[in-house]
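> Below is the structure I would like to discuss, written out as structure tokens.
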Amino acid sequence: MPLTIEPIWPWPIVILTSLGLMVLVVVTYRVQLAALPKGLARTLLGLKLAAVIVLIFAMLRPAVQKSETDESPEQLLILDDVSRSMNTADMPGNVSRFQAVRTELEKHQTKWKDWSKKVDVRMFDFARELTPFDPALKEGTGDQTAFGKVLEDLLREARDHPPLGVLIFSDGAHRAVPPFDIDPLTAARKLADKQVKIYTVGVGASSLSSASLDLAIEDLVVPEIVFEKSRVPVRGKIRVTGAAGRKVRVQVLVEDRTNRKVDESGELKPAATAQQAKPFQEFDIKGDSEVIPVELSFAAMISGEVKVALEAVPIEGELLTGNNQRATIVTVKQGGMNVAYFDLPRTEQRWLRAVNGADKIQLDFQEIRGGPRAPQTKIDPSWFQRGRYDVYIIGDVRAEVFGQDSLKQLANRLEEGSALLMIGGVQNFSTGGYASSPIADWLPVELNPKDYRPAGTINPDTQLSGPQKMMPTPRGLREYVMQLGPADKNRALWLDLPPLKGATRLKATNERAMEPWAATPDGVPLLFANTIGRSRVAAFAGDTTYLWWTVGDKAELHQRFWRQLILWLAKKEADSDQPVWVKVAPRTYAPGSNVSMSFGARSPEGLPLDDAEFRVEITQPDGKKVTVTPRKAAGENSAEFAKTTMPGDYWIRVSASRGGQRFDFDANTRFIVDARDLELDYPSADYDFLKQLSAITGGLSVKPEEVDALLERLKESKTALTRVQSITLWDNWGLLLVFVTLMTAEWFLRKKRGLV
């Protein structure tokens, strides 16, 4: 065991200090002990010098090192891909990928047995997750290849005993759906942090035959909840193979539920063409293999549960058409409202538009250009077509931007019951020419033609400068729009909001009859609202409510104010949902998936009922009905259903009762088990992905014929683990005891002689 010395200070200082202490003791003690007998004097001096030597020993901080070598075997983890894509017979001799890998693994069994003293070879199968190796398996059975989940499982295997390496045999085709869709690259980085290297062995053909032709829809994204008359975006991707020089049509299909019962599926038909909707698109294909993003839309005209699909129309010569379509379920609710918003590209509009999609609101924004580019703005007259929008919001936009014809159409819409809101700005209200416009009589504030200014000119008389604290007035406290929280906390919530940065000066058309709903603490009006004929109208002086987002958790209060103002304008503030509800997410599953659903009941006031009892029934695609047992945990009612081997629509019906009294209406929803096979849709091998995994961890990606050389290299790289333990000789109770004993003995002798 080697001795090491690590002095507390640099060597020169330690040596000088040690010599100084020795000299100090000898010089001082010689004078003090001169009158004592020589034997006693030498004993006292010896004890003192011994104590100093102990101190010097401690300053040198000596230690001995003890080393131990761990000769236990190091583990090598072997992973075999057993997903269904491995059944593709594209290896030499028309052998499947699965058979080729099993043959390769069998070839190395003898070698691994010989390694047993130095390397512990552990084998696993994987598809959705990591499982023990099954030598009796004859083909791939996994319906997903969830590399992310598998690598997360590997982290647990490598936690206690870091492996020599991880060897993965696979075609590299990463295909996974929730909850197994963990990002594999992130999981690989976690393994790299643990210094675990991945070595990949790719098998299979990396592209389809040049004679093949295939169109496949991927990554369908549609909002789960939309509202009647709203434009619904439909996004996805189309993967095109072998169609160079051809034209491909992609279209939205919507279920026709005419004469269909609640638990019956309807026929999918091409979505109808409507204003602002884009239900189809054609693509000219240039390459042999392309992945093209698709953004389409359709108009949701009928409420209820509706199946929506994105379809690539099959073309001549295409043999596999089962992957040309992907579907999901969309809930179309009644009472949705369409909002048209016109404004400059200023900060306020960005945050106001965040209400889009929430609380039944479908907001369409028309950007208005300002300055030299103002003449480039052209507003399509279709924005003012009858029935298209329920609420119109005008920001900092001058009247001439719309033109007299469009403003006349807007006045007609207001006459029919649409709503109007004008918000703060420096180029609208009177300054922007609205005093002489067709909508002048609809705004609830006074508009003076004398306040008009040409474009680009600000009228300071119509503006409030400096901070403007917004507070509800006594009238406003009674209105739905101004309720940010419970009555006892509402005023405090408003007080916590930052003040507006300036505002437009507003004056009611009839100050005696109309009180503002919001004002500054000194009474300057900020919000007027009124009902004129069949229309609700409002004028809001502020245009800097985005400042509310900058303070802690006030973003929700900002959204609540704007949502409530829009709902009030559209006369939707009193809408409520049905008493029994059921939810399932996602809406599309792979065969064999476990489906979770939640459900509940609410009182007429919208409060949850904890004492309700439920019955859950599922109608399978073949019409067979299955009862599912509900359970309650942490205040939530839920159930699970695992019999999803049959593709098609599964209908869920939830009935509720309370105190023996059944609710009048049941809740219904459905989910889809996709007939498509993720593993066989596009069975091409992905070598680039395998190379990425290896590169992230510092490993290698090799060909099957290079496995022998890789294994020998890994075996030779194994090194015995040496543990070194440092045992300190100065930092212990023994040394302290010696020092204390020496000092005590020296003190006792001096005390006995009367020297203390």
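Residues are referred to by chain and number: the chain letter is A, B, ... according to the order shown in the structure tokens, the number counts from 1 in that chain, and ligands are numbered separately from 1 in the order shown.
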Please list as a PyMOL selection string every residue within 10 Å of Glu348 of chain A, counting only C-alpha atoms and excluding residues in the same chain fewer than 2 positions away.

chain A and resi 343-346+350-353+395+424+542-547

> Counting only C-alpha atoms, what is within 7 Å of segment 520-522 of chain A, bar same-chain residues fewer than 5 positions away, as a list in words?

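My reading of the contact set: Gln468, Lys469, Met470 and Met471 of chain A.
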
> With only C-alpha atoms as the atoms that count, which of A:Pro516, A:Pro37, A:Gly142, A:Gly699 lies nearest to Val201 of chain A?

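Under the stated criterion, the closest residue is A:Gly699.
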
> Apply DSSP to the structure's backbone, then extract all residues of segment 613-708 of chain A labelled alpha helix (DSSP H) and return them as a compact mmCIF listing (two decimals) with N, CA, C and O atoms, in the first residue's frame.


```
# COMPACT_ATOMS: atom_id res chain seq x y z
N LEU A 678 -49.38 -0.21 -38.51
CA LEU A 678 -48.23 0.70 -38.49
C LEU A 678 -46.97 0.02 -38.98
O LEU A 678 -46.14 0.63 -39.66
N GLU A 679 -46.82 -1.26 -38.66
CA GLU A 679 -45.59 -1.96 -38.99
C GLU A 679 -45.49 -2.34 -40.46
O GLU A 679 -44.41 -2.43 -41.01
N LEU A 680 -46.62 -2.58 -41.10
CA LEU A 680 -46.59 -3.06 -42.48
C LEU A 680 -47.00 -2.02 -43.50
O LEU A 680 -46.96 -2.27 -44.70
N ASP A 681 -47.40 -0.83 -43.01
CA ASP A 681 -47.78 0.25 -43.92
C ASP A 681 -46.62 0.63 -44.85
O ASP A 681 -46.81 0.84 -46.04
N TYR A 687 -31.91 3.10 -42.07
CA TYR A 687 -30.52 3.01 -41.59
C TYR A 687 -30.05 4.34 -41.01
O TYR A 687 -29.20 4.37 -40.11
N ASP A 688 -30.55 5.44 -41.53
CA ASP A 688 -30.14 6.75 -41.01
C ASP A 688 -30.52 6.90 -39.55
O ASP A 688 -29.77 7.46 -38.74
N PHE A 689 -31.70 6.40 -39.20
CA PHE A 689 -32.14 6.48 -37.81
C PHE A 689 -31.22 5.66 -36.90
O PHE A 689 -30.84 6.10 -35.81
N LEU A 690 -30.86 4.46 -37.34
CA LEU A 690 -29.96 3.62 -36.55
C LEU A 690 -28.61 4.30 -36.37
O LEU A 690 -28.01 4.25 -35.29
N LYS A 691 -28.12 4.95 -37.41
CA LYS A 691 -26.84 5.65 -37.31
C LYS A 691 -26.93 6.80 -36.31
O LYS A 691 -25.98 7.07 -35.58
N GLN A 692 -28.09 7.48 -36.28
CA GLN A 692 -28.28 8.57 -35.31
C GLN A 692 -28.18 8.05 -33.88
O GLN A 692 -27.51 8.66 -33.03
N LEU A 693 -28.87 6.95 -33.59
CA LEU A 693 -28.83 6.39 -32.24
C LEU A 693 -27.40 6.06 -31.82
O LEU A 693 -26.96 6.37 -30.71
N SER A 694 -26.67 5.41 -32.74
CA SER A 694 -25.29 5.02 -32.41
C SER A 694 -24.41 6.24 -32.22
O SER A 694 -23.60 6.30 -31.28
N ALA A 695 -24.55 7.22 -33.11
CA ALA A 695 -23.69 8.41 -33.04
C ALA A 695 -23.90 9.19 -31.75
O ALA A 695 -22.96 9.70 -31.15
N ILE A 696 -25.15 9.29 -31.30
CA ILE A 696 -25.46 10.04 -30.08
C ILE A 696 -24.73 9.45 -28.88
O ILE A 696 -24.25 10.17 -28.00
N THR A 697 -24.62 8.11 -28.83
CA THR A 697 -24.03 7.45 -27.67
C THR A 697 -22.55 7.14 -27.85
O THR A 697 -21.91 6.58 -26.94
N VAL A 707 -20.49 -7.98 -37.73
CA VAL A 707 -20.79 -8.21 -36.32
C VAL A 707 -19.66 -8.96 -35.62
O VAL A 707 -19.30 -8.65 -34.48
N ASP A 708 -19.06 -9.97 -36.30
CA ASP A 708 -17.97 -10.74 -35.69
C ASP A 708 -16.84 -9.83 -35.24
O ASP A 708 -16.35 -9.93 -34.11
```

> Tell me which protein, DNA and RNA residues are within 12 Å of segment 42-46 of chain A, counting only C-alpha atoms, leaving out same-chain ones fewer than 5 positions away, and put them as JSON, numbers by chain.

{"A": [22, 23, 24, 25, 26, 27, 28, 29, 30, 31, 32, 33, 34, 36, 37, 51, 52, 53, 742, 743, 744, 745, 746, 747, 748, 749, 750, 751, 752, 753, 755]}

> Going by DSSP on the backbone, which residues of segment 560-704 of chain A come out as strand (DSSP E)? List them as a JSON list (two decimals) with N, CA, C and O atoms, in the first residue's frame.


```
[["chain", "number", "residue", "atom", "x", "y", "z"],
["A", 580, "VAL", "N", -74.76, 14.91, -18.32],
["A", 580, "VAL", "CA", -73.89, 13.74, -18.28],
["A", 580, "VAL", "C", -72.89, 13.85, -19.41],
["A", 580, "VAL", "O", -73.26, 14.17, -20.54],
["A", 581, "TRP", "N", -71.63, 13.58, -19.11],
["A", 581, "TRP", "CA", -70.59, 13.73, -20.13],
["A", 581, "TRP", "C", -69.63, 12.55, -20.10],
["A", 581, "TRP", "O", -69.50, 11.85, -19.09],
["A", 582, "VAL", "N", -68.96, 12.33, -21.23],
["A", 582, "VAL", "CA", -67.95, 11.28, -21.33],
["A", 582, "VAL", "C", -66.87, 11.76, -22.30],
["A", 582, "VAL", "O", -67.17, 12.42, -23.30],
["A", 583, "LYS", "N", -65.62, 11.46, -21.97],
["A", 583, "LYS", "CA", -64.49, 11.85, -22.81],
["A", 583, "LYS", "C", -63.57, 10.66, -23.02],
["A", 583, "LYS", "O", -63.36, 9.85, -22.13],
["A", 584, "VAL", "N", -62.99, 10.59, -24.21],
["A", 584, "VAL", "CA", -61.97, 9.59, -24.50],
["A", 584, "VAL", "C", -60.91, 10.27, -25.36],
["A", 584, "VAL", "O", -61.23, 10.99, -26.31],
["A", 588, "THR", "N", -58.20, 7.91, -31.80],
["A", 588, "THR", "CA", -57.81, 6.84, -32.71],
["A", 588, "THR", "C", -56.75, 5.97, -32.05],
["A", 588, "THR", "O", -55.79, 6.49, -31.47],
["A", 589, "TYR", "N", -56.91, 4.65, -32.14],
["A", 589, "TYR", "CA", -56.01, 3.70, -31.48],
["A", 589, "TYR", "C", -55.57, 2.62, -32.46],
["A", 589, "TYR", "O", -56.26, 2.32, -33.44],
["A", 595, "VAL", "N", -57.86, 1.33, -24.00],
["A", 595, "VAL", "CA", -58.54, 2.62, -24.13],
["A", 595, "VAL", "C", -59.06, 3.07, -22.76],
["A", 595, "VAL", "O", -59.79, 2.34, -22.10],
["A", 596, "SER", "N", -58.69, 4.28, -22.36],
["A", 596, "SER", "CA", -59.16, 4.86, -21.10],
["A", 596, "SER", "C", -60.19, 5.93, -21.39],
["A", 596, "SER", "O", -60.05, 6.70, -22.36],
["A", 597, "MET", "N", -61.22, 5.98, -20.57],
["A", 597, "MET", "CA", -62.27, 6.99, -20.74],
["A", 597, "MET", "C", -62.62, 7.56, -19.37],
["A", 597, "MET", "O", -62.49, 6.89, -18.34],
["A", 598, "SER", "N", -63.05, 8.82, -19.35],
["A", 598, "SER", "CA", -63.50, 9.46, -18.12],
["A", 598, "SER", "C", -64.90, 9.99, -18.35],
["A", 598, "SER", "O", -65.29, 10.31, -19.48],
["A", 599, "PHE", "N", -65.68, 10.12, -17.27],
["A", 599, "PHE", "CA", -67.06, 10.56, -17.41],
["A", 599, "PHE", "C", -67.53, 11.15, -16.09],
["A", 599, "PHE", "O", -66.84, 11.05, -15.06],
["A", 600, "GLY", "N", -68.68, 11.79, -16.12],
["A", 600, "GLY", "CA", -69.19, 12.42, -14.92],
["A", 600, "GLY", "C", -70.57, 12.99, -15.14],
["A", 600, "GLY", "O", -71.15, 12.88, -16.23],
["A", 601, "ALA", "N", -71.10, 13.62, -14.10],
["A", 601, "ALA", "CA", -72.41, 14.27, -14.17],
["A", 601, "ALA", "C", -72.33, 15.60, -13.46],
["A", 601, "ALA", "O", -71.52, 15.78, -12.54],
["A", 613, "GLU", "N", -74.14, 7.67, -9.86],
["A", 613, "GLU", "CA", -73.74, 6.32, -10.23],
["A", 613, "GLU", "C", -73.83, 6.16, -11.74],
["A", 613, "GLU", "O", -74.72, 6.73, -12.38],
["A", 614, "PHE", "N", -72.93, 5.34, -12.32],
["A", 614, "PHE", "CA", -72.82, 5.29, -13.78],
["A", 614, "PHE", "C", -72.88, 3.85, -14.29],
["A", 614, "PHE", "O", -72.48, 2.90, -13.61],
["A", 615, "ARG", "N", -73.35, 3.74, -15.52],
["A", 615, "ARG", "CA", -73.31, 2.48, -16.27],
["A", 615, "ARG", "C", -72.65, 2.77, -17.62],
["A", 615, "ARG", "O", -73.06, 3.70, -18.32],
["A", 616, "VAL", "N", -71.62, 1.99, -17.95],
["A", 616, "VAL", "CA", -70.85, 2.23, -19.17],
["A", 616, "VAL", "C", -71.01, 1.03, -20.10],
["A", 616, "VAL", "O", -70.75, -0.11, -19.71],
["A", 617, "GLU", "N", -71.45, 1.30, -21.31],
["A", 617, "GLU", "CA", -71.67, 0.25, -22.31],
["A", 617, "GLU", "C", -70.97, 0.62, -23.61],
["A", 617, "GLU", "O", -71.04, 1.76, -24.05],
["A", 618, "ILE", "N", -70.28, -0.34, -24.20],
["A", 618, "ILE", "CA", -69.53, -0.10, -25.44],
["A", 618, "ILE", "C", -70.09, -1.00, -26.53],
["A", 618, "ILE", "O", -70.23, -2.22, -26.35],
["A", 619, "THR", "N", -70.41, -0.39, -27.67],
["A", 619, "THR", "CA", -70.87, -1.14, -28.84],
["A", 619, "THR", "C", -69.70, -1.30, -29.80],
["A", 619, "THR", "O", -69.13, -0.32, -30.28],
["A", 625, "LYS", "N", -72.52, -5.62, -27.80],
["A", 625, "LYS", "CA", -72.43, -4.65, -26.71],
["A", 625, "LYS", "C", -71.70, -5.27, -25.51],
["A", 625, "LYS", "O", -71.94, -6.42, -25.15],
["A", 626, "VAL", "N", -70.79, -4.49, -24.94],
["A", 626, "VAL", "CA", -69.98, -4.94, -23.80],
["A", 626, "VAL", "C", -70.13, -3.93, -22.67],
["A", 626, "VAL", "O", -69.99, -2.72, -22.90],
["A", 627, "THR", "N", -70.41, -4.42, -21.46],
["A", 627, "THR", "CA", -70.51, -3.54, -20.29],
["A", 627, "THR", "C", -69.15, -3.44, -19.61],
["A", 627, "THR", "O", -68.49, -4.47, -19.38],
["A", 628, "VAL", "N", -68.74, -2.22, -19.30],
["A", 628, "VAL", "CA", -67.45, -1.97, -18.67],
["A", 628, "VAL", "C", -67.69, -1.49, -17.25],
["A", 628, "VAL", "O", -68.59, -0.69, -16.99],
["A", 631, "ARG", "N", -64.93, 2.86, -12.34],
["A", 631, "ARG", "CA", -64.23, 2.97, -11.06],
["A", 631, "ARG", "C", -64.06, 4.45, -10.73],
["A", 631, "ARG", "O", -64.08, 5.31, -11.62],
["A", 632, "LYS", "N", -63.86, 4.71, -9.44],
["A", 632, "LYS", "CA", -63.70, 6.09, -9.00],
["A", 632, "LYS", "C", -62.44, 6.20, -8.17],
["A", 632, "LYS", "O", -62.23, 5.43, -7.23],
["A", 633, "ALA", "N", -61.58, 7.15, -8.53],
["A", 633, "ALA", "CA", -60.33, 7.37, -7.80],
["A", 633, "ALA", "C", -59.99, 8.84, -7.88],
["A", 633, "ALA", "O", -60.08, 9.47, -8.94],
["A", 636, "GLU", "N", -62.42, 11.19, -9.57],
["A", 636, "GLU", "CA", -62.67, 11.09, -11.01],
["A", 636, "GLU", "C", -63.24, 9.73, -11.35],
["A", 636, "GLU", "O", -62.76, 8.69, -10.86],
["A", 637, "ASN", "N", -64.27, 9.71, -12.18],
["A", 637, "ASN", "CA", -64.87, 8.47, -12.64],
["A", 637, "ASN", "C", -64.22, 8.07, -13.96],
["A", 637, "ASN", "O", -64.10, 8.89, -14.88],
["A", 638, "SER", "N", -63.81, 6.81, -14.08],
["A", 638, "SER", "CA", -63.13, 6.36, -15.28],
["A", 638, "SER", "C", -63.38, 4.88, -15.51],
["A", 638, "SER", "O", -63.92, 4.18, -14.64],
["A", 639, "ALA", "N", -62.97, 4.40, -16.69],
["A", 639, "ALA", "CA", -63.07, 2.99, -17.03],
["A", 639, "ALA", "C", -62.06, 2.71, -18.12],
["A", 639, "ALA", "O", -61.55, 3.63, -18.78],
["A", 640, "GLU", "N", -61.75, 1.42, -18.30],
["A", 640, "GLU", "CA", -60.81, 1.02, -19.33],
["A", 640, "GLU", "C", -61.41, -0.11, -20.16],
["A", 640, "GLU", "O", -62.19, -0.93, -19.65],
["A", 641, "PHE", "N", -61.01, -0.14, -21.43],
["A", 641, "PHE", "CA", -61.51, -1.16, -22.35],
["A", 641, "PHE", "C", -60.34, -1.65, -23.19],
["A", 641, "PHE", "O", -59.64, -0.85, -23.82],
["A", 648, "GLY", "N", -62.41, -0.51, -36.55],
["A", 648, "GLY", "CA", -63.70, 0.12, -36.78],
["A", 648, "GLY", "C", -64.06, 1.10, -35.69],
["A", 648, "GLY", "O", -63.23, 1.51, -34.87],
["A", 649, "ASP", "N", -65.36, 1.49, -35.65],
["A", 649, "ASP", "CA", -65.85, 2.47, -34.68],
["A", 649, "ASP", "C", -66.39, 1.76, -33.43],
["A", 649, "ASP", "O", -67.17, 0.81, -33.53],
["A", 650, "TYR", "N", -65.99, 2.26, -32.27],
["A", 650, "TYR", "CA", -66.47, 1.76, -30.98],
["A", 650, "TYR", "C", -67.26, 2.88, -30.32],
["A", 650, "TYR", "O", -66.72, 3.97, -30.08],
["A", 651, "TRP", "N", -68.54, 2.61, -30.03],
["A", 651, "TRP", "CA", -69.41, 3.63, -29.44],
["A", 651, "TRP", "C", -69.50, 3.43, -27.92],
["A", 651, "TRP", "O", -69.71, 2.32, -27.44],
["A", 652, "ILE", "N", -69.35, 4.52, -27.18],
["A", 652, "ILE", "CA", -69.44, 4.50, -25.72],
["A", 652, "ILE", "C", -70.72, 5.21, -25.30],
["A", 652, "ILE", "O", -70.98, 6.34, -25.71],
["A", 653, "ARG", "N", -71.51, 4.53, -24.48],
["A", 653, "ARG", "CA", -72.73, 5.14, -23.93],
["A", 653, "ARG", "C", -72.62, 5.12, -22.41],
["A", 653, "ARG", "O", -72.41, 4.05, -21.81],
["A", 654, "VAL", "N", -72.78, 6.28, -21.78],
["A", 654, "VAL", "CA", -72.72, 6.39, -20.33],
["A", 654, "VAL", "C", -74.07, 6.92, -19.82],
["A", 654, "VAL", "O", -74.51, 8.00, -20.23],
["A", 655, "SER", "N", -74.71, 6.13, -18.98],
["A", 655, "SER", "CA", -75.95, 6.58, -18.33],
["A", 655, "SER", "C", -75.66, 6.83, -16.86],
["A", 655, "SER", "O", -74.79, 6.19, -16.28],
["A", 656, "ALA", "N", -76.39, 7.76, -16.27],
["A", 656, "ALA", "CA", -76.13, 8.14, -14.88],
["A", 656, "ALA", "C", -77.44, 8.19, -14.10],
["A", 656, "ALA", "O", -78.51, 8.47, -14.66],
["A", 657, "SER", "N", -77.31, 7.92, -12.81],
["A", 657, "SER", "CA", -78.47, 8.04, -11.92],
["A", 657, "SER", "C", -78.00, 8.61, -10.59],
["A", 657, "SER", "O", -76.82, 8.51, -10.23],
["A", 658, "ARG", "N", -78.94, 9.18, -9.88],
["A", 658, "ARG", "CA", -78.62, 9.80, -8.58],
["A", 658, "ARG", "C", -79.80, 9.60, -7.65],
["A", 658, "ARG", "O", -80.93, 10.01, -7.98],
["A", 661, "GLN", "N", -82.76, 7.96, -9.16],
["A", 661, "GLN", "CA", -83.42, 8.66, -10.25],
["A", 661, "GLN", "C", -82.46, 8.79, -11.43],
["A", 661, "GLN", "O", -81.40, 9.39, -11.31],
["A", 662, "ARG", "N", -82.83, 8.22, -12.57],
["A", 662, "ARG", "CA", -81.95, 8.24, -13.74],
["A", 662, "ARG", "C", -82.04, 9.58, -14.45],
["A", 662, "ARG", "O", -83.12, 10.18, -14.56],
["A", 667, "ALA", "N", -74.88, 10.13, -22.17],
["A", 667, "ALA", "CA", -73.75, 10.73, -22.89],
["A", 667, "ALA", "C", -73.18, 9.69, -23.85],
["A", 667, "ALA", "O", -73.06, 8.51, -23.51],
["A", 668, "ASN", "N", -72.86, 10.13, -25.05],
["A", 668, "ASN", "CA", -72.33, 9.23, -26.07],
["A", 668, "ASN", "C", -71.08, 9.80, -26.70],
["A", 668, "ASN", "O", -70.97, 11.02, -26.90],
["A", 669, "THR", "N", -70.15, 8.95, -26.99],
["A", 669, "THR", "CA", -68.97, 9.33, -27.77],
["A", 669, "THR", "C", -68.43, 8.07, -28.43],
["A", 669, "THR", "O", -69.00, 6.98, -28.25],
["A", 670, "ARG", "N", -67.35, 8.18, -29.16],
["A", 670, "ARG", "CA", -66.77, 7.00, -29.81],
["A", 670, "ARG", "C", -65.30, 7.19, -30.06],
["A", 670, "ARG", "O", -64.77, 8.30, -30.02],
["A", 671, "PHE", "N", -64.63, 6.09, -30.32],
["A", 671, "PHE", "CA", -63.24, 6.11, -30.73],
["A", 671, "PHE", "C", -63.06, 5.13, -31.89],
["A", 671, "PHE", "O", -63.93, 4.29, -32.15],
["A", 672, "ILE", "N", -61.95, 5.26, -32.58],
["A", 672, "ILE", "CA", -61.69, 4.45, -33.77],
["A", 672, "ILE", "C", -60.49, 3.55, -33.51],
["A", 672, "ILE", "O", -59.47, 4.00, -32.99],
["A", 673, "VAL", "N", -60.62, 2.29, -33.87],
["A", 673, "VAL", "CA", -59.47, 1.40, -33.92],
["A", 673, "VAL", "C", -59.07, 1.32, -35.39],
["A", 673, "VAL", "O", -59.84, 0.83, -36.23],
["A", 701, "SER", "N", -22.68, 1.94, -36.14],
["A", 701, "SER", "CA", -23.71, 1.22, -36.87],
["A", 701, "SER", "C", -23.01, 0.35, -37.90],
["A", 701, "SER", "O", -22.23, 0.86, -38.72],
["A", 702, "VAL", "N", -23.24, -0.97, -37.85],
["A", 702, "VAL", "CA", -22.50, -1.89, -38.71],
["A", 702, "VAL", "C", -23.46, -2.76, -39.52],
["A", 702, "VAL", "O", -24.66, -2.84, -39.24]]
```

> Could you list, as a VMD selection string, every residue within 12 Å of segment 366-376 of chain A, counting only C-alpha atoms and ignoring same-chain residues fewer than 5 positions away?

chain A and resid 339 to 346 349 to 350 353 383 392 to 402 427 455 to 457

> Within 9 Å of Gly287 of chain A, counting only C-alpha atoms, which residues show up once you throw out same-chain ones fewer than 3 positions away? Write them as a list in words, please.

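Contacts, in chain order: Val240, Thr241, Gly242, Ala243, Ala244, Gly245 and Glu290 of chain A.
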
> Which of these residues is nearest to Leu191 of chain A, using only C-alpha atoms: A:Ala63, A:Ala158, A:Leu19, A:Ala205?

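Selected residue with least distance to Leu191 of chain A: A:Ala158.
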
> Can you pull out the residues contacting Gly304 of chain A? Cut-off 7 Å, using only C-alpha atoms, and skip same-chain residues under 3 positions away; I want them as a list in words.

Thr331, Val332 and Lys333 of chain A

> Grab the atom CA of Leu443 of chain A to atom CA of Ala539 of chain A distance for me, in Å with one decimal place.

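It comes out at 6.9 Å.
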
> At a cut-off of 10 Å, using only C-alpha atoms, what residues contact segment 591-594 of chain A? Leave out same-chain residues fewer than 5 positions from it and give the result as a PyMOL selection string.

chain A and resi 143+177-179+640-648+672-678
